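*Asks:* What follows is target_14.txt; its format and atoms are compact mmCIF, C-alpha atoms.
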```
# COMPACT_ATOMS: atom_id res chain seq x y z
CA MET D 21 52.34 61.51 -9.33
CA PRO D 22 54.31 60.61 -12.52
CA GLU D 23 55.33 63.59 -14.56
CA SER D 24 53.57 62.17 -17.64
CA ALA D 25 50.27 62.08 -15.74
CA GLU D 26 50.29 65.88 -15.61
CA ARG D 27 51.25 66.36 -19.24
CA ARG D 28 48.91 68.61 -21.19
CA ALA D 29 48.05 67.74 -24.75
CA ALA D 30 49.02 70.13 -27.52
CA GLU D 31 45.71 69.22 -29.16
CA PRO D 32 42.85 68.77 -26.65
CA PHE D 33 40.40 65.92 -26.94
CA GLU D 34 36.91 67.09 -27.92
CA PHE D 35 33.85 65.08 -27.00
CA TYR D 36 31.08 64.65 -29.54
CA ASP D 37 27.37 64.43 -28.87
CA TYR D 38 25.80 61.45 -30.62
CA ASN D 39 22.19 60.74 -31.50
CA GLU D 40 20.48 58.03 -33.51
CA LEU D 41 17.08 58.18 -35.18
CA VAL D 42 15.65 54.67 -35.57
CA MET D 43 14.12 54.11 -39.01
CA PRO D 44 11.88 51.02 -39.55
CA THR D 45 12.39 49.20 -42.85
CA GLY D 46 8.97 47.54 -42.92
CA VAL D 47 10.64 44.12 -42.99
CA ARG D 48 9.76 41.73 -40.19
CA ALA D 49 10.07 38.06 -39.25
CA ALA D 50 7.65 35.92 -37.26
CA ASN D 51 9.75 32.75 -37.13
CA LEU D 52 13.39 31.78 -37.21
CA ARG D 53 13.37 30.75 -40.89
CA GLU D 54 11.89 34.09 -41.94
CA PHE D 55 14.43 35.85 -39.76
CA LEU D 56 17.31 34.01 -41.43
CA ASP D 57 15.96 34.67 -44.94
CA GLN D 58 15.53 38.39 -44.24
CA LEU D 59 18.95 38.67 -42.62
CA HIS D 60 20.51 37.39 -45.85
CA GLN D 61 18.87 40.27 -47.77
CA VAL D 62 18.70 43.39 -45.59
CA PRO D 63 21.22 46.19 -46.23
CA LEU D 64 24.38 46.20 -44.13
CA ASP D 65 23.34 49.35 -42.26
CA VAL D 66 20.46 47.29 -40.84
CA VAL D 67 22.92 44.64 -39.66
CA GLN D 68 25.06 47.35 -38.09
CA HIS D 69 22.05 48.88 -36.33
CA HIS D 70 21.00 45.64 -34.64
CA LEU D 71 24.46 44.25 -34.02
CA HIS D 72 26.27 47.34 -32.75
CA ARG D 73 23.77 49.94 -31.55
CA SER D 74 21.70 47.89 -29.14
CA PHE D 75 23.83 49.53 -26.43
CA LEU D 76 22.10 52.85 -27.11
CA ARG D 77 18.65 51.42 -26.40
CA HIS D 78 19.47 49.17 -23.42
CA ARG D 79 22.01 51.10 -21.44
CA PHE D 80 21.31 50.30 -17.80
CA GLU D 81 19.85 46.78 -17.80
CA VAL D 82 21.54 43.52 -16.88
CA TRP D 83 23.75 42.90 -19.88
CA ASP D 84 22.94 39.32 -20.88
CA HIS D 85 22.28 40.03 -24.57
CA PRO D 86 24.56 42.64 -26.18
CA ASN D 87 22.79 42.70 -29.56
CA ASP D 88 19.18 42.82 -30.77
CA PHE D 89 19.37 39.40 -32.43
CA ALA D 90 20.28 37.62 -29.19
CA ARG D 91 17.71 39.61 -27.25
CA TRP D 92 14.92 38.59 -29.66
CA ALA D 93 15.97 34.94 -29.54
CA ALA D 94 15.73 34.97 -25.75
CA THR D 95 12.58 37.04 -25.22
CA ALA D 96 10.44 36.27 -28.30
CA LEU D 97 11.57 32.85 -29.47
CA GLU D 98 12.39 31.79 -25.90
CA ASP D 99 15.34 29.90 -27.34
CA HIS D 100 18.00 30.51 -24.74
CA ALA D 101 20.54 28.24 -26.39
CA LEU D 102 20.37 30.33 -29.56
CA ALA D 103 20.44 33.55 -27.53
CA GLU D 104 23.60 32.39 -25.81
CA LYS D 105 25.27 31.61 -29.13
CA LEU D 106 24.35 35.02 -30.55
CA SER D 107 25.41 36.79 -27.37
CA ALA D 108 28.84 35.16 -27.50
CA LEU D 109 29.59 36.74 -30.89
CA ASP D 110 31.96 39.70 -30.75
CA PRO D 111 31.26 41.59 -34.00
CA PHE D 112 34.46 43.59 -33.64
CA ALA D 113 36.38 40.32 -33.95
CA LEU D 114 34.39 39.11 -36.97
CA GLY D 115 35.89 41.47 -39.54
CA ASP D 116 33.65 43.75 -41.61
CA LEU D 117 29.86 43.79 -41.51
CA GLU D 118 29.49 41.38 -44.42
CA GLN D 119 31.70 38.85 -42.67
CA ALA D 120 29.71 39.35 -39.48
CA ARG D 121 26.47 38.74 -41.38
CA GLU D 122 27.89 35.54 -42.89
CA GLN D 123 28.96 34.18 -39.52
CA ILE D 124 25.57 34.94 -37.97
CA THR D 125 23.63 33.34 -40.84
CA ASP D 126 25.89 30.27 -40.72
CA LEU D 127 25.21 30.01 -36.99
CA LEU D 128 21.45 30.30 -37.56
CA GLU D 129 21.45 27.68 -40.33
CA ASP D 130 23.34 25.22 -38.12
CA HIS D 131 20.94 25.89 -35.27
CA LEU D 132 17.89 25.37 -37.48
CA ASP D 133 19.27 22.04 -38.65
CA GLU D 134 19.25 20.87 -35.04
CA LEU D 135 15.59 21.78 -34.43
CA PRO D 136 12.67 19.40 -35.10
CA ILE D 137 10.35 22.30 -36.01
CA ILE D 138 10.75 25.94 -37.01
CA PRO D 139 10.05 28.09 -33.92
CA TRP D 140 7.48 30.90 -34.23
CA VAL D 141 6.83 33.86 -31.96
CA ARG D 142 3.54 35.01 -30.53
CA PRO D 143 1.73 37.81 -32.42
CA GLY D 144 3.25 41.14 -31.53
CA LEU D 145 6.73 39.74 -30.88
CA GLU D 146 7.93 39.67 -34.48
CA PHE D 147 11.43 40.94 -35.20
CA HIS D 148 11.23 44.30 -36.95
CA PHE D 149 14.34 45.12 -38.98
CA CYS D 150 15.40 48.74 -38.64
CA SER D 151 18.23 51.01 -39.65
CA GLY D 152 19.47 54.14 -37.94
CA HIS D 153 20.26 57.66 -39.05
CA VAL D 154 23.05 58.98 -36.84
CA LEU D 155 24.17 62.50 -36.07
CA ALA D 156 27.46 63.34 -34.34
CA LEU D 157 28.26 66.96 -33.48
CA PRO D 158 31.05 68.61 -31.45
CA SER D 159 29.86 69.18 -27.88
CA GLY D 160 32.28 71.99 -27.10
CA ARG D 161 33.69 70.02 -24.14
CA ARG D 162 37.48 69.73 -24.45
CA VAL D 163 40.06 68.13 -22.16
CA ALA D 164 43.85 68.31 -22.18
CA THR D 165 44.98 65.94 -19.39
CA LEU D 166 44.13 62.49 -18.09
CA ALA D 167 42.60 64.06 -14.99
CA GLU D 168 40.33 66.24 -17.11
CA LEU D 169 39.38 63.25 -19.24
CA ARG D 170 38.49 61.24 -16.15
CA GLU D 171 36.31 64.05 -14.80
CA ALA D 172 34.56 64.58 -18.14
CA LEU D 173 33.77 60.87 -18.50
CA GLY D 174 31.62 61.09 -15.38
CA GLN D 175 29.55 63.90 -16.88
CA VAL D 176 29.12 63.27 -20.61
CA PRO D 177 26.07 61.36 -21.93
CA LEU D 178 26.48 57.63 -22.42
CA GLU D 179 25.83 58.12 -26.14
CA SER D 180 29.06 60.11 -26.30
CA ILE D 181 31.01 57.23 -24.73
CA TYR D 182 29.46 54.88 -27.27
CA PHE D 183 30.56 57.15 -30.12
CA HIS D 184 34.15 57.44 -28.94
CA PHE D 185 34.65 53.83 -27.81
CA HIS D 186 32.41 51.65 -30.01
CA GLU D 187 31.68 53.63 -33.13
CA ALA D 188 35.31 54.76 -33.33
CA ARG D 189 36.33 51.24 -34.28
CA LEU D 190 33.92 51.21 -37.22
CA ARG D 191 35.07 54.50 -38.71
CA GLY D 192 38.79 54.44 -37.84
CA ASP D 193 41.71 52.85 -39.65
CA ASP D 194 42.53 50.65 -36.65
CA PRO D 195 39.58 48.52 -35.47
CA ASP D 196 41.39 47.84 -32.19
CA ARG D 197 41.69 51.51 -31.20
CA ASP D 198 39.05 53.81 -29.72
CA ASP D 199 39.19 57.62 -29.85
CA PHE D 200 40.41 57.88 -26.26
CA SER D 201 43.32 55.51 -26.93
CA ARG D 202 44.36 57.31 -30.10
CA TRP D 203 44.45 60.62 -28.25
CA ILE D 204 46.14 59.30 -25.10
CA SER D 205 48.86 57.64 -27.16
CA GLY D 206 49.39 60.41 -29.69
CA GLN D 207 49.09 63.43 -27.38
CA LEU D 208 50.13 62.19 -23.94
CA GLY D 209 52.42 59.28 -24.76
CA ARG D 210 50.73 57.04 -22.18
CA ASP D 211 50.83 53.72 -23.98
CA ASP D 212 50.53 51.96 -20.61
CA VAL D 213 47.00 53.37 -20.29
CA VAL D 214 46.21 52.42 -23.89
CA ARG D 215 47.25 48.82 -23.25
CA ARG D 216 44.84 48.59 -20.32
CA LEU D 217 42.01 50.07 -22.36
CA SER D 218 42.69 47.58 -25.15
CA ARG D 219 42.15 44.68 -22.74
CA LEU D 220 38.57 45.70 -21.92
CA ASP D 221 35.96 43.26 -23.27
CA PHE D 222 33.82 46.31 -23.91
CA TYR D 223 31.24 44.58 -26.11
CA PHE D 224 30.04 42.60 -23.11
CA PHE D 225 29.60 45.62 -20.79
CA SER D 226 26.71 48.04 -20.59
CA LEU D 227 27.66 51.63 -21.37
CA GLU D 228 27.40 52.61 -17.71
CA ASP D 229 29.65 49.71 -16.72
CA LEU D 230 32.09 50.69 -19.46
CA ARG D 231 32.13 54.29 -18.18
CA GLN D 232 33.05 53.07 -14.70
CA ARG D 233 35.79 50.76 -15.95
CA ILE D 234 37.43 53.41 -18.14
CA THR D 235 37.26 55.88 -15.26
CA ARG D 236 38.91 53.35 -12.94
CA ILE D 237 41.75 52.78 -15.39
CA LEU D 238 42.37 56.53 -15.63
CA GLU D 239 42.28 56.88 -11.84
CA ASP D 240 44.79 54.07 -11.41
CA SER D 241 47.09 55.61 -14.01
CA MET D 242 47.35 58.82 -11.98
```
So that I can check it, write out the structure of this file as structure tokens.
*Replies:*
Amino acid sequence: MPESAERRAAEPFEFYDYNELVMPTGVRAANLREFLDQLHQVPLDVVQHHLHRSFLRHRFEVWDHPNDFARWAATALEDHALAEKLSALDPFALGDLEQAREQITDLLEDHLDELPIIPWVRPGLEFHFCSGHVLALPSGRRVATLAELREALGQVPLESIYFHFHEARLRGDDPDRDDFSRWISGQLGRDDVVRRLSRLDFYFFSLEDLRQRITRILEDSM
């Protein structure tokens, strides 16, 4: 085993527990034109909720649609071409939330121009715009080595993995770094592990799949 694999961090990594309370806005859309018009106007925290936090609500299913917009296009509008376009968007590569909103609305406008009629959904399948109130608190679980991190990853809630891998990019200075990578690089000097983590197309994995892939990288590194 490489000496660096046994290195203990001077500052342990602490996992956070993460919870989200979904808050309806009262705004809804029954057809694609209404959806586009509302998307232009809703606050950015609503965009963030539907674009980034769908993982928290659909954690174990087949991961065809990684955001709420694509999921609604497929299941309510039954427009699989539009769902595929929305699913292909990686919001972490789009810049900030306003830029992400602009790219999505541009995509929707182009798609509408190609349609002979405006598609409607059946009653009860309207898109309901929501925001989320989030709470992140220290869990008390700390790790100091890669082996301890690997073991903890198999036990912590999936919401915690979301917080440290997805949400970290939205609140950190470097949008390409998650909390695990920052700690592994800064405390353990294992930039080889960080490079492998950076190559994960995490937005297109379910949280359970992401857990398994991170764990496998840590196992290989030891």
*Asks:* How far is it from CA of Thr125 (chain D) to CA of Phe55 (chain D), in Å with one decimal?
*Replies:*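 Interatomic distance here is 9.6 Å.
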*Asks:* Determine the nearest neighbour of Ser226 (chain D) from the options D:Asp212, D:Asp84, D:Asp99, D:Glu122, counting all atoms listed in the file.
*Replies:*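 The shortest atom-to-atom distance to Ser226 (chain D) comes from D:Asp84.
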*Asks:* With a distance cut-off of 8 Å and only C-alpha atoms, select the neighbouring residues of Ile138 (chain D), excluding the residue or stretch itself and same-chain residues fewer than 5 positions from it, and output the selection as a PDB file with C-alpha atoms, keeping the file's coordinate frame.
*Replies:*
```
ATOM      1  CA  ASN D  51       9.750  32.750 -37.130  1.00  0.00           C
ATOM      2  CA  LEU D  52      13.390  31.780 -37.210  1.00  0.00           C
ATOM      3  CA  ARG D  53      13.370  30.750 -40.890  1.00  0.00           C
ATOM      4  CA  LEU D 132      17.890  25.370 -37.480  1.00  0.00           C
TER       5      LEU D 132
END
```
*Asks:* Could you jot down the CA of Gln68 (chain D) to CA of Phe35 (chain D) separation for me, Å, one decimal place?
*Replies:*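 These atoms are spaced 22.7 Å apart.
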*Asks:* For Arg231 (chain D), find every residue with an atom within 10 Å (counting all atoms listed in the file), except residues of its own chain fewer than 2 positions away, and show them as a VMD selection string.
*Replies:* chain D and resid 170 173 to 174 176 178 181 to 182 185 222 225 to 229 233 to 236
*Asks:* Point out the residue among D:Asp116, D:Glu146, D:Asp199, D:Glu179 with the least atom-to-atom distance to Ala93 (chain D), counting only C-alpha atoms.
*Replies:* D:Glu146
*Asks:* Report, in Å with one decimal, the straight-line distance from CA of Gly160 (chain D) to CA of Tyr36 (chain D).
*Replies:*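 Rounded to one decimal, the two atoms are 7.8 Å apart.
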*Asks:* Using only C-alpha atoms, pick whichever of D:Gly209, D:Gly152, D:Pro111, D:Pro158 has the shortest atom-to-atom distance to Leu190 (chain D).
*Replies:*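 So, comparing all the options, the nearest one is D:Pro111.
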*Asks:* Around (22.4, 47.1, -34.4) in the file's frame, which residues reach within 10 Å when counting all atoms listed in the file? Return as a list in words?
*Replies:* Leu64, Asp65, Val66, Val67, Gln68, His69, His70, Leu71, His72, Arg73, Ser74, Phe75, Leu76, Arg77, Pro86, Asn87, Asp88, Phe89, Phe149, Cys150, Ser151 and Gly152 of chain D
*Asks:* From the set D:Asp126, D:Glu118, D:Glu168, D:Glu134, which residue has the shortest atom-to-atom contact distance to Leu106 (chain D), counting only C-alpha atoms?
*Replies:*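 Closest to Leu106 (chain D) of all the choices is D:Asp126.
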*Asks:* In terms of the shortest atom-to-atom distance over all atoms listed in the file, which of D:Arg161, D:Gln123, D:Ser180, D:Leu169 is closest to Glu40 (chain D)?
*Replies:*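 Nearest to Glu40 (chain D): D:Ser180.
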*Asks:* Taking into account all atoms listed in the file, which residue in the set D:Glu129, D:Asp198, D:Asp211, D:Glu187 is nearest to Leu56 (chain D)?
*Replies:*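 Closest residue, counting all atoms listed in the file: D:Glu129.
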*Asks:* Quick one: everything within 8 Å of Ala156 (chain D), counting all atoms listed in the file, minus sequence neighbours fewer than 5 positions away in the same chain. Send it as a PDB file with C-alpha atoms, keeping the file's coordinate frame.
*Replies:*
```pdb
ATOM      1  CA  TYR D  36      31.080  64.650 -29.540  1.00  0.00           C
ATOM      2  CA  ASP D  37      27.370  64.430 -28.870  1.00  0.00           C
ATOM      3  CA  TYR D  38      25.800  61.450 -30.620  1.00  0.00           C
ATOM      4  CA  ASN D  39      22.190  60.740 -31.500  1.00  0.00           C
TER       5      ASN D  39
END
```
